[in-house]
>>> print(open('entry.cif').read())   # mmCIF, C-alpha atoms and all ligand atoms
data_start
loop_
_atom_site.label_atom_id
_atom_site.label_comp_id
_atom_site.auth_asym_id
_atom_site.auth_seq_id
_atom_site.Cartn_x
_atom_site.Cartn_y
_atom_site.Cartn_z
CA MET X 1 -83.62 -86.36 -117.82
CA LYS X 2 -86.04 -85.22 -120.49
CA ILE X 3 -84.95 -82.11 -122.40
CA SER X 4 -88.34 -80.45 -121.84
CA ASP X 5 -87.93 -80.99 -118.06
CA ILE X 6 -84.50 -79.39 -118.21
CA VAL X 7 -85.92 -76.38 -120.04
CA SER X 8 -88.64 -75.80 -117.46
CA ALA X 9 -86.33 -76.39 -114.47
CA ILE X 10 -83.98 -73.60 -115.49
CA ASP X 11 -86.63 -71.22 -116.86
CA GLY X 12 -85.14 -71.78 -120.30
CA THR X 13 -85.91 -70.44 -123.74
CA ILE X 14 -85.56 -72.79 -126.69
CA ILE X 15 -83.65 -71.23 -129.57
CA CYS X 16 -83.69 -74.23 -131.84
CA GLY X 17 -84.31 -77.95 -131.79
CA SER X 18 -87.82 -77.95 -130.29
CA GLN X 19 -88.49 -81.20 -132.21
CA TYR X 20 -86.09 -82.98 -129.83
CA LEU X 21 -87.69 -81.96 -126.52
CA GLU X 22 -88.79 -85.52 -125.79
CA ASN X 23 -85.19 -86.76 -125.97
CA ASN X 24 -83.37 -87.81 -122.84
CA VAL X 25 -79.91 -86.91 -121.63
CA GLU X 26 -78.09 -88.39 -118.64
CA ASN X 27 -74.89 -86.37 -118.23
CA ALA X 28 -73.91 -82.73 -118.20
CA PHE X 29 -70.65 -80.83 -118.29
CA ALA X 30 -70.24 -77.14 -117.43
CA SER X 31 -67.29 -75.23 -118.87
CA ASP X 32 -66.23 -72.09 -120.69
CA LEU X 33 -63.02 -73.73 -121.89
CA MET X 34 -63.60 -75.31 -125.26
CA SER X 35 -60.42 -77.42 -125.19
CA ASP X 36 -61.66 -78.91 -121.95
CA VAL X 37 -64.96 -79.85 -123.60
CA LEU X 38 -63.04 -81.30 -126.56
CA THR X 39 -61.31 -83.85 -124.29
CA LEU X 40 -64.63 -85.52 -123.39
CA LYS X 41 -65.26 -89.00 -124.71
CA LEU X 42 -68.93 -89.09 -123.78
CA GLN X 43 -71.44 -88.09 -126.42
CA ASN X 44 -74.96 -87.99 -125.12
CA LEU X 45 -74.31 -84.87 -123.14
CA LEU X 46 -75.66 -81.47 -122.16
CA LEU X 47 -73.06 -78.72 -122.37
CA VAL X 48 -73.68 -75.85 -119.95
CA THR X 49 -71.63 -72.80 -120.88
CA GLY X 50 -71.32 -69.07 -120.42
CA LEU X 51 -69.48 -68.82 -123.71
CA SER X 52 -71.95 -67.56 -126.26
CA ASN X 53 -70.19 -67.40 -129.58
CA ILE X 54 -69.84 -69.45 -132.72
CA GLN X 55 -66.98 -71.49 -131.21
CA SER X 56 -69.14 -72.95 -128.44
CA ILE X 57 -71.47 -74.31 -131.13
CA ARG X 58 -68.55 -75.50 -133.29
CA THR X 59 -67.11 -77.29 -130.27
CA ALA X 60 -70.42 -79.05 -129.67
CA GLU X 61 -70.58 -79.96 -133.36
CA MET X 62 -67.09 -81.52 -133.33
CA SER X 63 -67.76 -83.32 -130.05
CA ASP X 64 -71.13 -84.76 -131.12
CA ILE X 65 -72.83 -82.88 -128.29
CA GLN X 66 -76.48 -82.40 -129.17
CA TYR X 67 -77.63 -80.26 -126.25
CA VAL X 68 -76.21 -76.84 -125.45
CA LEU X 69 -77.40 -74.53 -122.68
CA ILE X 70 -76.17 -70.93 -122.61
CA VAL X 71 -76.41 -69.31 -119.18
CA ARG X 72 -77.06 -65.70 -118.08
CA ASN X 73 -79.19 -65.01 -121.15
CA LYS X 74 -76.15 -64.10 -123.21
CA GLU X 75 -77.01 -63.01 -126.71
CA VAL X 76 -77.22 -65.84 -129.22
CA THR X 77 -76.40 -64.64 -132.74
CA ALA X 78 -78.20 -65.78 -135.88
CA ASP X 79 -74.99 -67.51 -137.03
CA MET X 80 -74.92 -69.55 -133.83
CA ALA X 81 -78.59 -70.50 -134.14
CA ASN X 82 -78.16 -71.45 -137.80
CA LEU X 83 -75.14 -73.64 -137.14
CA ALA X 84 -76.88 -75.30 -134.18
CA GLU X 85 -79.98 -75.97 -136.26
CA GLU X 86 -77.96 -77.34 -139.16
CA SER X 87 -76.23 -79.71 -136.72
CA ASN X 88 -79.56 -80.91 -135.25
CA MET X 89 -78.84 -79.47 -131.82
CA VAL X 90 -81.13 -78.25 -129.13
CA LEU X 91 -79.94 -74.78 -128.14
CA ILE X 92 -81.39 -73.39 -124.94
CA LYS X 93 -80.70 -70.28 -122.94
CA SER X 94 -81.38 -69.56 -119.31
CA PRO X 95 -81.36 -66.33 -117.28
CA TYR X 96 -79.69 -68.20 -114.39
CA SER X 97 -75.96 -68.34 -113.68
CA MET X 98 -73.76 -71.35 -114.38
CA PHE X 99 -73.71 -72.12 -110.66
CA LYS X 100 -77.49 -72.01 -110.31
CA VAL X 101 -78.18 -73.99 -113.48
CA SER X 102 -75.65 -76.65 -112.46
CA GLY X 103 -77.04 -76.85 -108.93
CA ILE X 104 -80.63 -77.27 -110.09
CA LEU X 105 -79.83 -79.86 -112.75
CA TYR X 106 -77.52 -81.82 -110.45
CA GLN X 107 -80.23 -81.95 -107.84
CA LYS X 108 -82.73 -83.17 -110.43
CA GLY X 109 -80.45 -86.08 -111.25
CA LEU X 110 -78.26 -85.10 -114.20
CA LYS X 111 -74.94 -86.85 -113.72
CA PRO X 112 -71.51 -85.21 -113.88
CA VAL X 113 -68.90 -86.49 -116.33
CA TYR X 114 -66.21 -86.55 -113.64
CA MET O 115 -59.71 -88.21 -151.84
CA ARG O 116 -57.93 -84.98 -150.94
CA LEU O 117 -59.44 -81.85 -149.38
CA ASN O 118 -57.60 -78.54 -149.14
CA PHE O 119 -58.37 -75.44 -147.08
CA ASN O 120 -56.79 -72.04 -146.59
CA ILE O 121 -56.98 -70.62 -143.08
CA GLU O 122 -56.76 -66.94 -142.13
CA GLY O 123 -55.10 -66.11 -138.83
CA GLY O 124 -57.28 -64.16 -136.40
CA ASP O 125 -60.57 -64.96 -138.16
CA PHE O 126 -62.59 -66.61 -135.42
CA THR O 127 -65.90 -66.36 -137.27
CA LYS O 128 -64.67 -69.01 -139.72
CA ALA O 129 -62.50 -71.08 -137.37
CA GLY O 130 -63.76 -74.63 -137.56
CA SER O 131 -65.38 -74.45 -140.96
CA ALA O 132 -62.67 -76.65 -142.50
CA SER O 133 -63.12 -79.20 -139.70
CA SER O 134 -66.86 -79.05 -140.22
CA GLN O 135 -66.46 -79.76 -143.94
CA VAL O 136 -64.20 -82.73 -143.20
CA LYS O 137 -66.73 -84.06 -140.71
CA LYS O 138 -69.50 -83.92 -143.33
CA THR O 139 -67.32 -85.69 -145.89
CA LEU O 140 -66.31 -88.49 -143.51
CA LYS O 141 -69.95 -88.97 -142.56
CA GLN O 142 -70.99 -89.25 -146.20
CA ILE O 143 -68.53 -92.05 -146.82
CA ASN O 144 -69.73 -93.87 -143.68
CA VAL O 145 -66.65 -93.71 -141.50
CA SER O 146 -67.56 -94.77 -137.94
CA PRO O 147 -68.61 -91.98 -135.53
CA THR O 148 -65.77 -92.77 -133.10
CA ILE O 149 -63.14 -92.36 -135.79
CA ILE O 150 -64.82 -89.23 -137.14
CA LYS O 151 -64.82 -87.67 -133.70
CA ARG O 152 -61.11 -88.39 -133.18
CA VAL O 153 -60.23 -86.88 -136.58
CA VAL O 154 -62.35 -83.77 -136.26
CA VAL O 155 -61.50 -83.00 -132.63
CA ALA O 156 -57.77 -83.15 -133.48
CA LEU O 157 -58.29 -81.19 -136.68
CA TYR O 158 -60.45 -78.55 -135.02
CA GLU O 159 -57.90 -77.97 -132.23
CA ALA O 160 -55.18 -77.63 -134.87
CA GLU O 161 -57.29 -75.35 -137.06
CA VAL O 162 -58.03 -73.12 -134.08
CA ASN O 163 -54.31 -73.05 -133.28
CA ILE O 164 -53.59 -71.57 -136.71
CA VAL O 165 -56.34 -68.99 -136.26
CA ALA O 166 -55.23 -68.23 -132.70
CA HIS O 167 -51.45 -68.29 -132.99
CA ALA O 168 -50.40 -67.92 -136.66
CA PHE O 169 -50.90 -65.51 -139.57
CA ARG O 170 -52.23 -67.89 -142.18
CA GLY O 171 -52.11 -71.55 -143.01
CA ASN O 172 -53.12 -74.45 -145.14
CA ILE O 173 -54.84 -77.72 -144.28
CA SER O 174 -54.68 -80.77 -146.46
CA VAL O 175 -56.68 -83.87 -145.64
CA ASP O 176 -56.07 -87.19 -147.40
CA ILE O 177 -58.85 -89.69 -146.94
CA GLU O 178 -57.91 -93.25 -147.79
CA PRO O 179 -59.69 -96.54 -147.01
CA GLU O 180 -57.32 -97.40 -144.14
CA GLN O 181 -56.44 -93.96 -142.79
CA VAL O 182 -57.05 -90.25 -142.66
CA HIS O 183 -53.88 -88.22 -142.98
CA VAL O 184 -53.92 -84.52 -142.13
CA GLN O 185 -51.20 -81.96 -142.67
CA LEU O 186 -51.43 -78.39 -141.39
CA THR O 187 -48.79 -75.86 -142.31
CA ASP O 188 -48.76 -72.25 -141.25
CA GLU O 189 -46.81 -69.05 -141.58
CA GLY O 190 -46.47 -67.53 -138.16
CA PRO O 191 -44.30 -66.98 -135.13
CA GLY O 192 -43.47 -70.69 -134.80
CA ILE O 193 -43.01 -72.50 -131.49
CA PRO O 194 -39.66 -71.92 -129.74
CA ASP O 195 -39.98 -74.85 -127.32
CA ILE O 196 -42.23 -77.63 -128.57
CA ASP O 197 -41.88 -79.80 -125.44
CA ARG O 198 -43.08 -76.92 -123.35
CA ALA O 199 -45.93 -76.11 -125.76
CA MET O 200 -47.08 -79.74 -125.52
CA GLN O 201 -47.43 -79.51 -121.74
CA LYS O 202 -50.96 -79.23 -120.43
CA GLY O 203 -51.60 -75.70 -119.21
CA PHE O 204 -48.90 -73.94 -121.22
CA SER O 205 -50.43 -71.20 -123.36
CA THR O 206 -49.42 -67.89 -124.89
CA ALA O 207 -52.98 -67.19 -126.08
CA SER O 208 -54.00 -63.53 -126.30
CA PRO O 209 -56.97 -62.11 -124.37
CA LYS O 210 -58.94 -62.15 -127.64
CA VAL O 211 -58.30 -65.87 -128.05
CA ARG O 212 -59.32 -66.49 -124.43
CA GLU O 213 -62.53 -64.58 -125.04
CA MET O 214 -63.32 -67.07 -127.80
CA GLY O 215 -63.10 -69.93 -125.30
CA PHE O 216 -59.56 -71.07 -126.10
CA GLY O 217 -56.18 -70.70 -124.38
CA ALA O 218 -56.32 -73.46 -121.78
CA GLY O 219 -53.09 -74.92 -123.09
CA MET O 220 -54.75 -78.27 -123.71
CA GLY O 221 -55.07 -78.32 -127.49
CA LEU O 222 -51.78 -79.92 -128.55
CA SER O 223 -51.93 -82.69 -125.95
CA ASN O 224 -55.54 -83.34 -126.86
CA ILE O 225 -54.56 -83.62 -130.53
CA ARG O 226 -51.83 -86.13 -129.67
CA ASP O 227 -54.26 -88.21 -127.59
CA ASN O 228 -56.72 -88.49 -130.48
CA VAL O 229 -54.40 -89.54 -133.31
CA ASP O 230 -52.31 -92.61 -134.15
CA THR O 231 -49.31 -90.74 -135.53
CA PHE O 232 -48.35 -87.21 -134.57
CA LYS O 233 -45.45 -85.09 -135.71
CA ILE O 234 -44.91 -81.39 -135.13
CA THR O 235 -42.05 -79.29 -136.44
CA SER O 236 -41.61 -75.57 -136.12
CA GLU O 237 -39.24 -72.80 -137.03
CA VAL O 238 -39.32 -69.54 -135.08
CA ASN O 239 -40.48 -66.56 -137.17
CA LYS O 240 -41.41 -68.88 -140.02
CA GLY O 241 -44.11 -71.28 -139.07
CA THR O 242 -45.30 -74.63 -137.85
CA THR O 243 -46.17 -77.94 -139.51
CA LEU O 244 -48.33 -80.59 -137.95
CA ASP O 245 -48.67 -84.04 -139.46
CA MET O 246 -51.12 -86.57 -138.12
CA THR O 247 -52.83 -89.80 -139.04
CA VAL O 248 -55.88 -91.59 -137.72
CA LEU O 249 -56.17 -95.23 -138.73
CA ILE O 250 -59.55 -96.50 -139.84
CA SER O 251 -60.11 -100.07 -138.73
CA ASP O 252 -63.30 -102.08 -138.34
CA ASN O 253 -62.94 -102.83 -134.64
CA GLN O 254 -62.74 -99.17 -133.51
N1 LIG V 1 -49.64 -73.08 -135.00
C1 LIG V 1 -49.01 -72.48 -133.97
N2 LIG V 1 -48.19 -71.41 -134.19
C2 LIG V 1 -47.54 -70.83 -133.16
N3 LIG V 1 -47.66 -71.20 -131.88
C3 LIG V 1 -48.46 -72.25 -131.60
C4 LIG V 1 -49.18 -72.95 -132.62
N4 LIG V 1 -49.86 -73.95 -132.05
C5 LIG V 1 -49.60 -73.89 -130.74
N5 LIG V 1 -48.74 -72.87 -130.46
C6 LIG V 1 -48.16 -72.52 -129.14
O1 LIG V 1 -48.30 -73.61 -128.27
C7 LIG V 1 -49.10 -73.24 -127.13
C8 LIG V 1 -49.93 -74.43 -126.68
O2 LIG V 1 -50.87 -74.79 -127.69
P1 LIG V 1 -52.21 -75.55 -127.25
O3 LIG V 1 -53.04 -75.75 -128.45
O4 LIG V 1 -51.83 -76.75 -126.45
O5 LIG V 1 -52.88 -74.52 -126.23
P2 LIG V 1 -53.64 -73.15 -126.56
O6 LIG V 1 -53.92 -73.04 -128.01
O7 LIG V 1 -52.85 -72.03 -125.96
O8 LIG V 1 -54.98 -73.32 -125.74
P3 LIG V 1 -56.15 -74.39 -126.06
O9 LIG V 1 -56.28 -75.25 -124.84
O10 LIG V 1 -57.37 -73.61 -126.29
O11 LIG V 1 -55.74 -75.18 -127.26
C9 LIG V 1 -49.90 -72.04 -127.61
O12 LIG V 1 -50.35 -71.22 -126.57
C10 LIG V 1 -48.87 -71.33 -128.50
O13 LIG V 1 -47.93 -70.65 -127.71
MG MG V 2 -54.83 -74.64 -129.01
#
>>> encode(input="entry.cif", output="structure tokens", more="lines below")
Ligand SMILES: Nc1ncnc2c1ncn2[C@@H]1O[C@H](COP(=O)(O)OP(=O)(O)OP(=O)(O)O)[C@@H](O)[C@H]1O
Ligand SMILES: [Mg+2]
Amino acid sequence: MKISDIVSAIDGTIICGSQYLENNVENAFASDLMSDVLTLKLQNLLLVTGLSNIQSIRTAEMSDIQYVLIVRNKEVTADMANLAEESNMVLIKSPYSMFKVSGILYQKGLKPVY
Amino acid sequence: MRLNFNIEGGDFTKAGSASSQVKKTLKQINVSPTIIKRVVVALYEAEVNIVAHAFRGNISVDIEPEQVHVQLTDEGPGIPDIDRAMQKGFSTASPKVREMGFGAGMGLSNIRDNVDTFKITSEVNKGTTLDMTVLISDNQ
């Protein structure tokens, strides 16, 4: 699924990485547990999370995850945005809940990891 | 090449910056992405463990042509029962650590799964030492 289509499907706001909106991603994983995310072997992945702090971005950085979607419009700090930008990520936030975001994106064809 | 880092317990704003530095270095010397990911995922889990569970610590990373060797030592409460700590789901993480997205009790087993050699020793009320190696080979 195209990143720009994901953004519009979940009423998203792009925080950084707008130069990558034409990229495609096939799989998504939703979790607030960073050690769970760190077990994933897949790399071309969208991480959907309610955890909005520097560690969610660090986790994506270490896992080579380029796309991160923060749900429930949680505040994204400047440190988070800077780290995401430096790591060439697309950081998006959505007003919807994790359940709603996951439901919409699943229906539109994003595949689960498990 | 050797890299050294000092880690402060409790400082979640900086947790991961050592791992990030190691990732950049490995990238610069063209280590394959699969190997880099294994090294930095294991290192990041271990770095976060020092921040989450210990008072302070030190990380030393030796990068050689055939392997990356990492040693983490910390001063802290130590681990009374290592077998139990290695089990998936076992965690003594504080609410503050859980708020940061950690405390699933998966870190140590995830570290072991990502490395080629793994050794952990610990003394209660003193600290913990973790030794690990990831081999760099062309067919990985
Ligand atoms: N460096 C350390 N010093 C003291 N105790 C530790 C240390 N590392 C791990 N432990 C103990 O071992 C337990 C399991 O560690 P592990 O990394 O597997 O899980 P966790 O850190 O609790 O959660 P997470 O899944 O986020 O890593 C910890 O909860 C803690 O009790
Ligand atoms: Mg841990």
>>> closest_atom_pairs(input="entry.cif", of="chain O", to="chain X", cutoff="12 Å", atoms="all atoms listed in the file", output="JSON lines")
{"residue": "O:Asp125", "atom": "CA", "partner": "X:Gln55", "partner_atom": "CA", "distance": 11.5}
{"residue": "O:Phe126", "atom": "CA", "partner": "X:Gln55", "partner_atom": "CA", "distance": 7.8}
{"residue": "O:Thr127", "atom": "CA", "partner": "X:Ile54", "partner_atom": "CA", "distance": 6.8}
{"residue": "O:Lys128", "atom": "CA", "partner": "X:Ile54", "partner_atom": "CA", "distance": 8.7}
{"residue": "O:Ala129", "atom": "CA", "partner": "X:Gln55", "partner_atom": "CA", "distance": 7.6}
{"residue": "O:Gly130", "atom": "CA", "partner": "X:Arg58", "partner_atom": "CA", "distance": 6.5}
{"residue": "O:Ser131", "atom": "CA", "partner": "X:Arg58", "partner_atom": "CA", "distance": 8.4}
{"residue": "O:Ala132", "atom": "CA", "partner": "X:Arg58", "partner_atom": "CA", "distance": 11.0}
{"residue": "O:Ser133", "atom": "CA", "partner": "X:Met62", "partner_atom": "CA", "distance": 7.9}
{"residue": "O:Ser134", "atom": "CA", "partner": "X:Met62", "partner_atom": "CA", "distance": 7.3}
{"residue": "O:Gln135", "atom": "CA", "partner": "X:Met62", "partner_atom": "CA", "distance": 10.8}
{"residue": "O:Val136", "atom": "CA", "partner": "X:Met62", "partner_atom": "CA", "distance": 10.4}
{"residue": "O:Lys137", "atom": "CA", "partner": "X:Met62", "partner_atom": "CA", "distance": 7.8}
{"residue": "O:Lys138", "atom": "CA", "partner": "X:Ser87", "partner_atom": "CA", "distance": 10.3}
{"residue": "O:Pro147", "atom": "CA", "partner": "X:Asp64", "partner_atom": "CA", "distance": 8.8}
{"residue": "O:Thr148", "atom": "CA", "partner": "X:Lys41", "partner_atom": "CA", "distance": 9.2}
{"residue": "O:Ile149", "atom": "CA", "partner": "X:Ser63", "partner_atom": "CA", "distance": 11.7}
{"residue": "O:Ile150", "atom": "CA", "partner": "X:Met62", "partner_atom": "CA", "distance": 8.9}
{"residue": "O:Lys151", "atom": "CA", "partner": "X:Ser63", "partner_atom": "CA", "distance": 6.4}
{"residue": "O:Arg152", "atom": "CA", "partner": "X:Ser63", "partner_atom": "CA", "distance": 8.9}
{"residue": "O:Val153", "atom": "CA", "partner": "X:Met62", "partner_atom": "CA", "distance": 9.3}
{"residue": "O:Val154", "atom": "CA", "partner": "X:Met62", "partner_atom": "CA", "distance": 6.0}
{"residue": "O:Val155", "atom": "CA", "partner": "X:Met62", "partner_atom": "CA", "distance": 5.8}
{"residue": "O:Ala156", "atom": "CA", "partner": "X:Leu38", "partner_atom": "CA", "distance": 8.9}
{"residue": "O:Leu157", "atom": "CA", "partner": "X:Met62", "partner_atom": "CA", "distance": 9.4}
{"residue": "O:Tyr158", "atom": "CA", "partner": "X:Met62", "partner_atom": "CA", "distance": 7.5}
{"residue": "O:Glu159", "atom": "CA", "partner": "X:Ser35", "partner_atom": "CA", "distance": 7.5}
{"residue": "O:Ala160", "atom": "CA", "partner": "X:Ser35", "partner_atom": "CA", "distance": 11.0}
{"residue": "O:Glu161", "atom": "CA", "partner": "X:Arg58", "partner_atom": "CA", "distance": 11.9}
{"residue": "O:Val162", "atom": "CA", "partner": "X:Gln55", "partner_atom": "CA", "distance": 9.5}
{"residue": "O:Asn163", "atom": "CA", "partner": "X:Ser35", "partner_atom": "CA", "distance": 11.0}
{"residue": "O:Lys202", "atom": "CA", "partner": "X:Ser35", "partner_atom": "CA", "distance": 10.7}
{"residue": "O:Gly203", "atom": "CA", "partner": "X:Ser35", "partner_atom": "CA", "distance": 10.8}
{"residue": "O:Ser205", "atom": "CA", "partner": "X:Ser35", "partner_atom": "CA", "distance": 11.9}
{"residue": "O:Val211", "atom": "CA", "partner": "X:Gln55", "partner_atom": "CA", "distance": 10.8}
{"residue": "O:Arg212", "atom": "CA", "partner": "X:Leu33", "partner_atom": "CA", "distance": 8.5}
{"residue": "O:Glu213", "atom": "CA", "partner": "X:Leu51", "partner_atom": "CA", "distance": 8.2}
{"residue": "O:Met214", "atom": "CA", "partner": "X:Gln55", "partner_atom": "CA", "distance": 6.7}
{"residue": "O:Gly215", "atom": "CA", "partner": "X:Leu33", "partner_atom": "CA", "distance": 5.1}
{"residue": "O:Phe216", "atom": "CA", "partner": "X:Met34", "partner_atom": "CA", "distance": 5.9}
{"residue": "O:Gly217", "atom": "CA", "partner": "X:Leu33", "partner_atom": "CA", "distance": 7.9}
{"residue": "O:Ala218", "atom": "CA", "partner": "X:Ser35", "partner_atom": "CA", "distance": 6.6}
{"residue": "O:Gly219", "atom": "CA", "partner": "X:Ser35", "partner_atom": "CA", "distance": 8.0}
{"residue": "O:Met220", "atom": "CA", "partner": "X:Ser35", "partner_atom": "CA", "distance": 5.9}
{"residue": "O:Gly221", "atom": "CA", "partner": "X:Ser35", "partner_atom": "CA", "distance": 5.9}
{"residue": "O:Leu222", "atom": "CA", "partner": "X:Ser35", "partner_atom": "CA", "distance": 9.6}
{"residue": "O:Ser223", "atom": "CA", "partner": "X:Thr39", "partner_atom": "CA", "distance": 9.6}
{"residue": "O:Asn224", "atom": "CA", "partner": "X:Thr39", "partner_atom": "CA", "distance": 6.3}
{"residue": "O:Ile225", "atom": "CA", "partner": "X:Thr39", "partner_atom": "CA", "distance": 9.2}
{"residue": "O:Arg226", "atom": "CA", "partner": "X:Thr39", "partner_atom": "CA", "distance": 11.1}
{"residue": "O:Asp227", "atom": "CA", "partner": "X:Thr39", "partner_atom": "CA", "distance": 8.9}
{"residue": "O:Asn228", "atom": "CA", "partner": "X:Thr39", "partner_atom": "CA", "distance": 9.0}
>>> closest_residue(input="entry.cif", among="X:Gln107, X:Met98, X:Glu86, X:Gly17", to="Leu47 of chain X", atoms="all atoms listed in the file")
X:Met98
>>> residues_around(input="entry.cif", residues="segment 182-184 of chain O", least_positions_apart="3", cutoff="7 Å", atoms="all atoms listed in the file", output="NGL selection string")
:O and (174-178 or 245-249)
>>> atom_distance(input="entry.cif", atom1="atom C8 of ligand LIG 1 (chain V)", atom2="atom CA of Phe204 of chain O")
5.6 Å
>>> axis_aligned_box(input="entry.cif", around="ligand LIG 1 (chain V)", padding_each_side="8 Å", output="JSON")
{"center_x": -52.5, "center_y": -73.7, "center_z": -129.9, "size_x": 25.8, "size_y": 22.1, "size_z": 26.2}
>>> closest_residue(input="entry.cif", among="O:Val229, O:Val145, O:Met115, O:Ile234", to="ligand LIG 1 (chain V)", atoms="all atoms listed in the file")
O:Ile234
>>> closest_residue(input="entry.cif", among="X:Ala81, X:Val25, X:Ile6, X:Ile92", to="Leu45 of chain X", atoms="only C-alpha atoms")
X:Val25
>>> atom_distance(input="entry.cif", atom1="atom CA of Asn73 of chain X", atom2="atom CA of Thr49 of chain X")
10.9 Å
>>> closest_residue(input="entry.cif", among="X:Val7, X:Val37, X:Val90, X:Ile104", to="ligand LIG 1 (chain V)", atoms="all atoms listed in the file")
X:Val37
>>> residues_around(input="entry.cif", residues="Lys100 of chain X", least_positions_apart="2", cutoff="12 Å", atoms="all atoms listed in the file", output="compact mmCIF listing (two decimals) with C-alpha atoms, keeping the file's coordinate frame")
# COMPACT_ATOMS: atom_id res chain seq x y z
CA ALA X 9 -86.33 -76.39 -114.47
CA ILE X 10 -83.98 -73.60 -115.49
CA ASP X 11 -86.63 -71.22 -116.86
CA ALA X 30 -70.24 -77.14 -117.43
CA VAL X 48 -73.68 -75.85 -119.95
CA VAL X 71 -76.41 -69.31 -119.18
CA ARG X 72 -77.06 -65.70 -118.08
CA SER X 94 -81.38 -69.56 -119.31
CA PRO X 95 -81.36 -66.33 -117.28
CA TYR X 96 -79.69 -68.20 -114.39
CA SER X 97 -75.96 -68.34 -113.68
CA MET X 98 -73.76 -71.35 -114.38
CA SER X 102 -75.65 -76.65 -112.46
CA GLY X 103 -77.04 -76.85 -108.93
CA ILE X 104 -80.63 -77.27 -110.09
CA LEU X 105 -79.83 -79.86 -112.75
CA TYR X 106 -77.52 -81.82 -110.45
CA GLN X 107 -80.23 -81.95 -107.84
>>> atom_distance(input="entry.cif", atom1="atom CA of Gly192 of chain O", atom2="atom CA of Phe119 of chain O")
19.9 Å
>>> residues_near_point(input="entry.cif", point="(-79.0, -75.7, -135.5)", cutoff="12 Å", atoms="all atoms listed in the file", output="PyMOL selection string")
chain X and resi 14-20+54+57-58+60-61+65-68+76-92
>>> closest_residue(input="entry.cif", among="O:Asn118, O:Gln181, O:Thr139, O:Ser208", to="ligand LIG 1 (chain V)", atoms="all atoms listed in the file")
O:Ser208
>>> closest_residue(input="entry.cif", among="O:Thr187, O:Gln201, O:Asn172, O:Asn144", to="ligand MG 2 (chain V)", atoms="only C-alpha atoms and all ligand atoms")
O:Gln201
>>> residues_near_point(input="entry.cif", point="(-51.5, -67.8, -139.6)", cutoff="10 Å", atoms="all atoms listed in the file", output="VMD selection string")
chain O and resid 120 to 125 161 163 to 172 187 to 192 241 to 242
>>> build_atoms(input="entry.cif", residues="segment 219-233 of chain O", atoms="N, CA and C atoms", output="JSON list (two decimals), in the coordinates of the input")
[["chain", "number", "residue", "atom", "x", "y", "z"],
["O", 219, "GLY", "N", -54.35, -74.19, -122.97],
["O", 219, "GLY", "CA", -53.09, -74.92, -123.09],
["O", 219, "GLY", "C", -53.29, -76.43, -123.15],
["O", 220, "MET", "N", -54.43, -76.83, -123.66],
["O", 220, "MET", "CA", -54.75, -78.27, -123.71],
["O", 220, "MET", "C", -54.83, -78.81, -125.12],
["O", 221, "GLY", "N", -54.81, -77.91, -126.10],
["O", 221, "GLY", "CA", -55.07, -78.32, -127.49],
["O", 221, "GLY", "C", -54.08, -79.34, -128.04],
["O", 222, "LEU", "N", -52.78, -79.03, -127.94],
["O", 222, "LEU", "CA", -51.78, -79.92, -128.55],
["O", 222, "LEU", "C", -51.79, -81.31, -127.90],
["O", 223, "SER", "N", -51.91, -81.37, -126.58],
["O", 223, "SER", "CA", -51.93, -82.69, -125.95],
["O", 223, "SER", "C", -53.22, -83.44, -126.29],
["O", 224, "ASN", "N", -54.28, -82.71, -126.45],
["O", 224, "ASN", "CA", -55.54, -83.34, -126.86],
["O", 224, "ASN", "C", -55.45, -83.88, -128.30],
["O", 225, "ILE", "N", -54.77, -83.14, -129.15],
["O", 225, "ILE", "CA", -54.56, -83.62, -130.53],
["O", 225, "ILE", "C", -53.79, -84.94, -130.47],
["O", 226, "ARG", "N", -52.68, -84.93, -129.73],
["O", 226, "ARG", "CA", -51.83, -86.13, -129.67],
["O", 226, "ARG", "C", -52.61, -87.34, -129.14],
["O", 227, "ASP", "N", -53.49, -87.10, -128.17],
["O", 227, "ASP", "CA", -54.26, -88.21, -127.59],
["O", 227, "ASP", "C", -55.29, -88.79, -128.57],
["O", 228, "ASN", "N", -55.66, -88.02, -129.58],
["O", 228, "ASN", "CA", -56.72, -88.49, -130.48],
["O", 228, "ASN", "C", -56.21, -89.15, -131.76],
["O", 229, "VAL", "N", -54.91, -89.05, -132.02],
["O", 229, "VAL", "CA", -54.40, -89.54, -133.31],
["O", 229, "VAL", "C", -53.45, -90.73, -133.12],
["O", 230, "ASP", "N", -53.21, -91.45, -134.21],
["O", 230, "ASP", "CA", -52.31, -92.61, -134.15],
["O", 230, "ASP", "C", -50.86, -92.23, -134.46],
["O", 231, "THR", "N", -50.67, -91.27, -135.36],
["O", 231, "THR", "CA", -49.31, -90.74, -135.53],
["O", 231, "THR", "C", -49.38, -89.23, -135.44],
["O", 232, "PHE", "N", -48.35, -88.64, -134.86],
["O", 232, "PHE", "CA", -48.35, -87.21, -134.57],
["O", 232, "PHE", "C", -46.94, -86.68, -134.71],
["O", 233, "LYS", "N", -46.78, -85.66, -135.56],
["O", 233, "LYS", "CA", -45.45, -85.09, -135.71],
["O", 233, "LYS", "C", -45.58, -83.58, -135.87]]
